[in-house]
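> Hey, dropping upload-v7.pdb in here, PDB, C-alpha atoms, pLDDT in the B column:
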ATOM      1  CA  MET A 229      -5.193 -34.653  29.355  1.00 78.00           C
ATOM      2  CA  MET A 230      -3.972 -32.142  26.747  1.00 77.00           C
ATOM      3  CA  HIS A 231      -0.401 -30.908  26.723  1.00 80.00           C
ATOM      4  CA  THR A 232       0.899 -27.775  25.069  1.00 75.00           C
ATOM      5  CA  THR A 233       3.469 -28.737  22.483  1.00 78.00           C
ATOM      6  CA  VAL A 234       4.077 -25.377  20.855  1.00 81.00           C
ATOM      7  CA  GLY A 235       3.327 -21.722  21.429  1.00 86.00           C
ATOM      8  CA  TRP A 236       3.037 -18.893  18.935  1.00 90.00           C
ATOM      9  CA  HIS A 237       3.732 -15.242  19.578  1.00 91.00           C
ATOM     10  CA  VAL A 238       2.295 -12.513  17.402  1.00 95.00           C
ATOM     11  CA  GLU A 239       4.027  -9.153  17.290  1.00 97.00           C
ATOM     12  CA  LEU A 240       2.055  -6.007  16.482  1.00 97.00           C
ATOM     13  CA  GLU A 241       3.670  -2.659  15.770  1.00 98.00           C
ATOM     14  CA  PHE A 242       1.843   0.610  15.175  1.00 97.00           C
ATOM     15  CA  MET A 243       2.687   3.826  13.351  1.00 97.00           C
ATOM     16  CA  GLU A 244       0.388   6.804  13.828  1.00 95.00           C
ATOM     17  CA  ASP A 245      -0.128  10.373  12.798  1.00 93.00           C
ATOM     18  CA  ASP A 246      -3.058  12.684  13.557  1.00 89.00           C
ATOM     19  CA  GLN A 247      -5.499  10.847  11.284  1.00 93.00           C
ATOM     20  CA  HIS A 248      -4.012   7.461  10.380  1.00 96.00           C
ATOM     21  CA  THR A 249      -2.920   4.370  12.243  1.00 97.00           C
ATOM     22  CA  LYS A 250      -1.033   1.553  10.542  1.00 98.00           C
ATOM     23  CA  ALA A 251      -0.490  -1.842  12.120  1.00 98.00           C
ATOM     24  CA  ALA A 252       2.040  -4.495  11.126  1.00 98.00           C
ATOM     25  CA  ALA A 253       1.543  -8.042  12.413  1.00 98.00           C
ATOM     26  CA  LEU A 254       4.215 -10.729  12.417  1.00 98.00           C
ATOM     27  CA  LEU A 255       3.829 -14.391  13.320  1.00 97.00           C
ATOM     28  CA  ARG A 256       6.983 -16.516  13.518  1.00 95.00           C
ATOM     29  CA  LEU A 257       6.204 -20.215  13.255  1.00 92.00           C
ATOM     30  CA  PRO A 258       8.285 -22.976  14.855  1.00 89.00           C
ATOM     31  CA  ASP A 259       9.548 -24.104  11.424  1.00 87.00           C
ATOM     32  CA  GLY A 260      11.187 -20.688  10.958  1.00 90.00           C
ATOM     33  CA  SER A 261       8.647 -19.363   8.468  1.00 91.00           C
ATOM     34  CA  GLU A 262       6.969 -16.026   9.008  1.00 95.00           C
ATOM     35  CA  VAL A 263       3.507 -14.753   8.178  1.00 97.00           C
ATOM     36  CA  ARG A 264       3.109 -10.976   7.917  1.00 98.00           C
ATOM     37  CA  ALA A 265       0.064  -8.765   7.500  1.00 98.00           C
ATOM     38  CA  HIS A 266      -0.956  -5.135   7.698  1.00 98.00           C
ATOM     39  CA  GLY A 267      -3.993  -3.155   8.765  1.00 98.00           C
ATOM     40  CA  HIS A 268      -4.960   0.487   8.849  1.00 97.00           C
ATOM     41  CA  ALA A 269      -7.456   2.865  10.354  1.00 97.00           C
ATOM     42  CA  THR A 270      -8.370   6.415   9.421  1.00 96.00           C
ATOM     43  CA  ARG A 271      -9.893   8.856  11.879  1.00 92.00           C
ATOM     44  CA  HIS A 272     -12.699  10.999  10.546  1.00 89.00           C
ATOM     45  CA  HIS A 273     -11.784  14.677  10.951  1.00 89.00           C
ATOM     46  CA  SER A 274     -14.800  15.302  13.195  1.00 90.00           C
ATOM     47  CA  ASP A 275     -13.956  12.439  15.597  1.00 88.00           C
ATOM     48  CA  ALA A 276     -11.999  13.019  18.785  1.00 87.00           C
ATOM     49  CA  ARG A 277      -8.372  11.896  18.682  1.00 88.00           C
ATOM     50  CA  GLN A 278      -8.269   8.506  20.437  1.00 88.00           C
ATOM     51  CA  PRO A 279      -5.027   6.702  19.521  1.00 85.00           C
ATOM     52  CA  ARG A 280      -6.031   3.497  21.325  1.00 92.00           C
ATOM     53  CA  VAL A 281      -9.166   3.164  19.189  1.00 93.00           C
ATOM     54  CA  GLY A 282      -7.108   3.585  16.018  1.00 94.00           C
ATOM     55  CA  GLU A 283      -4.719   0.910  17.258  1.00 96.00           C
ATOM     56  CA  GLU A 284      -7.611  -1.441  18.026  1.00 96.00           C
ATOM     57  CA  VAL A 285      -9.136  -1.023  14.565  1.00 97.00           C
ATOM     58  CA  ALA A 286      -5.837  -1.226  12.680  1.00 98.00           C
ATOM     59  CA  GLY A 287      -4.654  -4.116  14.873  1.00 98.00           C
ATOM     60  CA  ALA A 288      -7.887  -6.056  14.345  1.00 98.00           C
ATOM     61  CA  ARG A 289      -7.598  -5.591  10.587  1.00 98.00           C
ATOM     62  CA  ALA A 290      -3.980  -6.757  10.613  1.00 98.00           C
ATOM     63  CA  LEU A 291      -4.869  -9.805  12.706  1.00 98.00           C
ATOM     64  CA  ASN A 292      -7.765 -10.604  10.377  1.00 97.00           C
ATOM     65  CA  GLU A 293      -5.434 -10.465   7.375  1.00 97.00           C
ATOM     66  CA  LEU A 294      -2.901 -12.565   9.302  1.00 97.00           C
ATOM     67  CA  ALA A 295      -5.568 -15.194   9.962  1.00 96.00           C
ATOM     68  CA  MET A 296      -6.508 -15.328   6.277  1.00 94.00           C
ATOM     69  CA  ARG A 297      -2.863 -15.658   5.222  1.00 95.00           C
ATOM     70  CA  LEU A 298      -2.380 -18.443   7.754  1.00 93.00           C
ATOM     71  CA  LEU A 299      -5.445 -20.257   6.378  1.00 91.00           C
ATOM     72  CA  ASP A 300      -4.054 -19.893   2.835  1.00 90.00           C
ATOM     73  CA  LYS A 301      -0.705 -21.252   3.991  1.00 91.00           C
ATOM     74  CA  ALA A 302      -2.355 -24.233   5.666  1.00 89.00           C
ATOM     75  CA  HIS A 303      -4.474 -24.882   2.568  1.00 88.00           C
ATOM     76  CA  SER A 304      -1.370 -24.876   0.351  1.00 90.00           C
ATOM     77  CA  GLU A 305       0.429 -27.255   2.709  1.00 91.00           C
ATOM     78  CA  ILE A 306      -2.571 -29.643   2.700  1.00 90.00           C
ATOM     79  CA  ASP A 307      -2.564 -29.637  -1.117  1.00 90.00           C
ATOM     80  CA  GLU A 308       1.202 -30.143  -1.265  1.00 91.00           C
ATOM     81  CA  ALA A 309       1.152 -33.051   1.189  1.00 91.00           C
ATOM     82  CA  SER A 310      -1.848 -34.767  -0.416  1.00 88.00           C
ATOM     83  CA  GLY A 311      -0.903 -34.170  -4.039  1.00 87.00           C
ATOM     84  CA  ARG A 312      -4.398 -32.985  -4.893  1.00 86.00           C
ATOM     85  CA  THR A 313      -6.480 -29.847  -4.662  1.00 85.00           C
ATOM     86  CA  SER A 314      -8.502 -29.752  -1.475  1.00 77.00           C
ATOM     87  CA  HIS A 315     -11.589 -27.767  -0.621  1.00 78.00           C
ATOM     88  CA  PRO A 316     -10.848 -24.171   0.390  1.00 73.00           C
ATOM     89  CA  ILE A 317     -10.675 -23.471   4.097  1.00 71.00           C
ATOM     90  CA  HIS A 318     -13.196 -20.815   5.140  1.00 70.00           C
ATOM     91  CA  VAL A 319     -13.592 -18.978   8.394  1.00 67.00           C
TER
END
Give the structure from this file in structure tokens form.


Amino acid sequence: MMHTTVGWHVELEFMEDDQHTKAAALLRLPDGSEVRAHGHATRHHSDARQPRVGEEVAGARALNELAMRLLDKAHSEIDEASGRTSHPIHV
């Protein structure tokens, strides 16, 4: 049986104007370190204003960047612990 030993919470905040949506993602890890990332979306002038869609696109881009930063962090920690250069971690 598996037991949950830790949980992570990601915070997403959005800033919007009529044509742009910016997303900021923050992940606080149990060791106290933080991983931050950003994403953006731009509405084409002929598209209807749909703030939720802008948030979804900008949020997805921020989460994607967050995932890549987390992979880089893990890769660095593997190298540091092993004392050698490991193979890159790819999605």

> Considering all atoms listed in the file, state which residue in the set A:His266, A:His237, A:His318, A:Arg289 is at the smallest distance from Ala302 in chain A.

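Checking each candidate against Ala302 in chain A, we get A:His318 as the closest.
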
> Report, in Å with one decimal, the straight-line distance from CA of His272 in chain A to CA of Asp245 in chain A.

12.8 Å

> Select, from A:Arg277, A:His231, A:Lys250, A:Arg264, the residue with the minimum atom-to-atom distance to Lys301 in chain A, counting all atoms listed in the file.

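When distances to Lys301 in chain A are compared using all atoms listed in the file, the smallest one comes from A:Arg264.
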
> Pick out the residues sitting within 10 Å of range 278-286 of chain A, and hand them over as a ChimeraX atom specification; count all atoms listed in the file, and ignore anything fewer than 2 positions along from it in its own chain.

/A:240-252,266-271,275-276,288-292

> Record the distance separating CA of Ile317 in chain A and CA of His303 in chain A, expressed in Å with one decimal.

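Between these atoms lies a distance of 6.5 Å.
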
> Grab the CA of Pro316 in chain A to CA of Leu298 in chain A distance for me, in Å with one decimal place.

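Separation of CA of Pro316 in chain A and CA of Leu298 in chain A: 12.6 Å.
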
> Applying the PyMOL selection byres ((chain A and resi 255) around 9) to the file I just gave you, which residues come out? Please list them as a list in words.

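After applying the PyMOL selection byres ((chain A and resi 255) around 9), what remains is Trp236, His237, Val238, Glu239, Ala253, Leu254, Arg256, Leu257, Ser261, Glu262, Val263, Arg264, Ala265 and Leu294 of chain A.
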
> Taking all atoms listed in the file into account, which of A:Ser274, A:Met229, A:Asp259, A:Ser314 comes nearest Asp300 in chain A?

A:Ser314

> Starting from the incomplete input, reconstruct N, CA, C and O atoms of range 249-271 of chain A and report them as a compact mmCIF listing (two decimals), in the coordinates of the input.


# COMPACT_ATOMS: atom_id res chain seq x y z
N THR A 249 -3.64 5.35 11.45
CA THR A 249 -2.92 4.37 12.24
C THR A 249 -2.66 3.17 11.34
O THR A 249 -3.57 2.68 10.68
N LYS A 250 -1.41 2.74 11.30
CA LYS A 250 -1.03 1.55 10.54
C LYS A 250 -0.54 0.50 11.53
O LYS A 250 0.15 0.83 12.49
N ALA A 251 -0.92 -0.73 11.27
CA ALA A 251 -0.49 -1.84 12.12
C ALA A 251 0.23 -2.87 11.25
O ALA A 251 -0.20 -3.15 10.13
N ALA A 252 1.31 -3.41 11.77
CA ALA A 252 2.04 -4.50 11.13
C ALA A 252 2.04 -5.67 12.09
O ALA A 252 2.42 -5.53 13.25
N ALA A 253 1.60 -6.83 11.60
CA ALA A 253 1.54 -8.04 12.41
C ALA A 253 2.56 -9.03 11.88
O ALA A 253 2.74 -9.17 10.66
N LEU A 254 3.22 -9.72 12.79
CA LEU A 254 4.22 -10.73 12.42
C LEU A 254 4.02 -11.96 13.28
O LEU A 254 3.94 -11.86 14.52
N LEU A 255 3.91 -13.11 12.63
CA LEU A 255 3.83 -14.39 13.32
C LEU A 255 5.01 -15.22 12.87
O LEU A 255 5.18 -15.47 11.67
N ARG A 256 5.87 -15.62 13.81
CA ARG A 256 6.98 -16.52 13.52
C ARG A 256 6.58 -17.92 13.94
O ARG A 256 6.25 -18.15 15.10
N LEU A 257 6.60 -18.84 12.99
CA LEU A 257 6.20 -20.22 13.26
C LEU A 257 7.41 -21.05 13.66
O LEU A 257 8.56 -20.70 13.34
N PRO A 258 7.18 -22.15 14.37
CA PRO A 258 8.28 -22.98 14.86
C PRO A 258 9.21 -23.50 13.75
O PRO A 258 10.38 -23.77 14.01
N ASP A 259 8.70 -23.62 12.52
CA ASP A 259 9.55 -24.10 11.42
C ASP A 259 10.44 -23.00 10.85
O ASP A 259 11.16 -23.22 9.88
N GLY A 260 10.36 -21.80 11.41
CA GLY A 260 11.19 -20.69 10.96
C GLY A 260 10.50 -19.80 9.94
O GLY A 260 11.01 -18.74 9.61
N SER A 261 9.36 -20.21 9.43
CA SER A 261 8.65 -19.36 8.47
C SER A 261 7.94 -18.23 9.20
O SER A 261 7.70 -18.29 10.40
N GLU A 262 7.64 -17.19 8.46
CA GLU A 262 6.97 -16.03 9.01
C GLU A 262 5.74 -15.71 8.18
O GLU A 262 5.73 -15.90 6.97
N VAL A 263 4.71 -15.23 8.84
CA VAL A 263 3.51 -14.75 8.18
C VAL A 263 3.35 -13.30 8.61
O VAL A 263 3.36 -13.00 9.82
N ARG A 264 3.22 -12.41 7.64
CA ARG A 264 3.11 -10.98 7.92
C ARG A 264 1.81 -10.43 7.34
O ARG A 264 1.33 -10.92 6.33
N ALA A 265 1.29 -9.41 7.98
CA ALA A 265 0.06 -8.76 7.50
C ALA A 265 0.03 -7.32 7.99
O ALA A 265 0.77 -6.95 8.91
N HIS A 266 -0.83 -6.55 7.36
CA HIS A 266 -0.96 -5.14 7.70
C HIS A 266 -2.42 -4.74 7.83
O HIS A 266 -3.29 -5.36 7.22
N GLY A 267 -2.66 -3.72 8.61
CA GLY A 267 -3.99 -3.16 8.76
C GLY A 267 -3.88 -1.65 8.91
O GLY A 267 -2.80 -1.13 9.19
N HIS A 268 -4.97 -0.97 8.71
CA HIS A 268 -4.96 0.49 8.85
C HIS A 268 -6.30 0.98 9.39
O HIS A 268 -7.30 0.28 9.33
N ALA A 269 -6.25 2.17 9.89
CA ALA A 269 -7.46 2.86 10.35
C ALA A 269 -7.28 4.34 10.05
O ALA A 269 -6.17 4.87 10.11
N THR A 270 -8.39 4.98 9.71
CA THR A 270 -8.37 6.42 9.42
C THR A 270 -9.41 7.09 10.29
O THR A 270 -10.57 6.67 10.32
N ARG A 271 -8.98 8.10 11.01
CA ARG A 271 -9.89 8.86 11.88
C ARG A 271 -10.62 9.90 11.05
O ARG A 271 -10.01 10.65 10.29
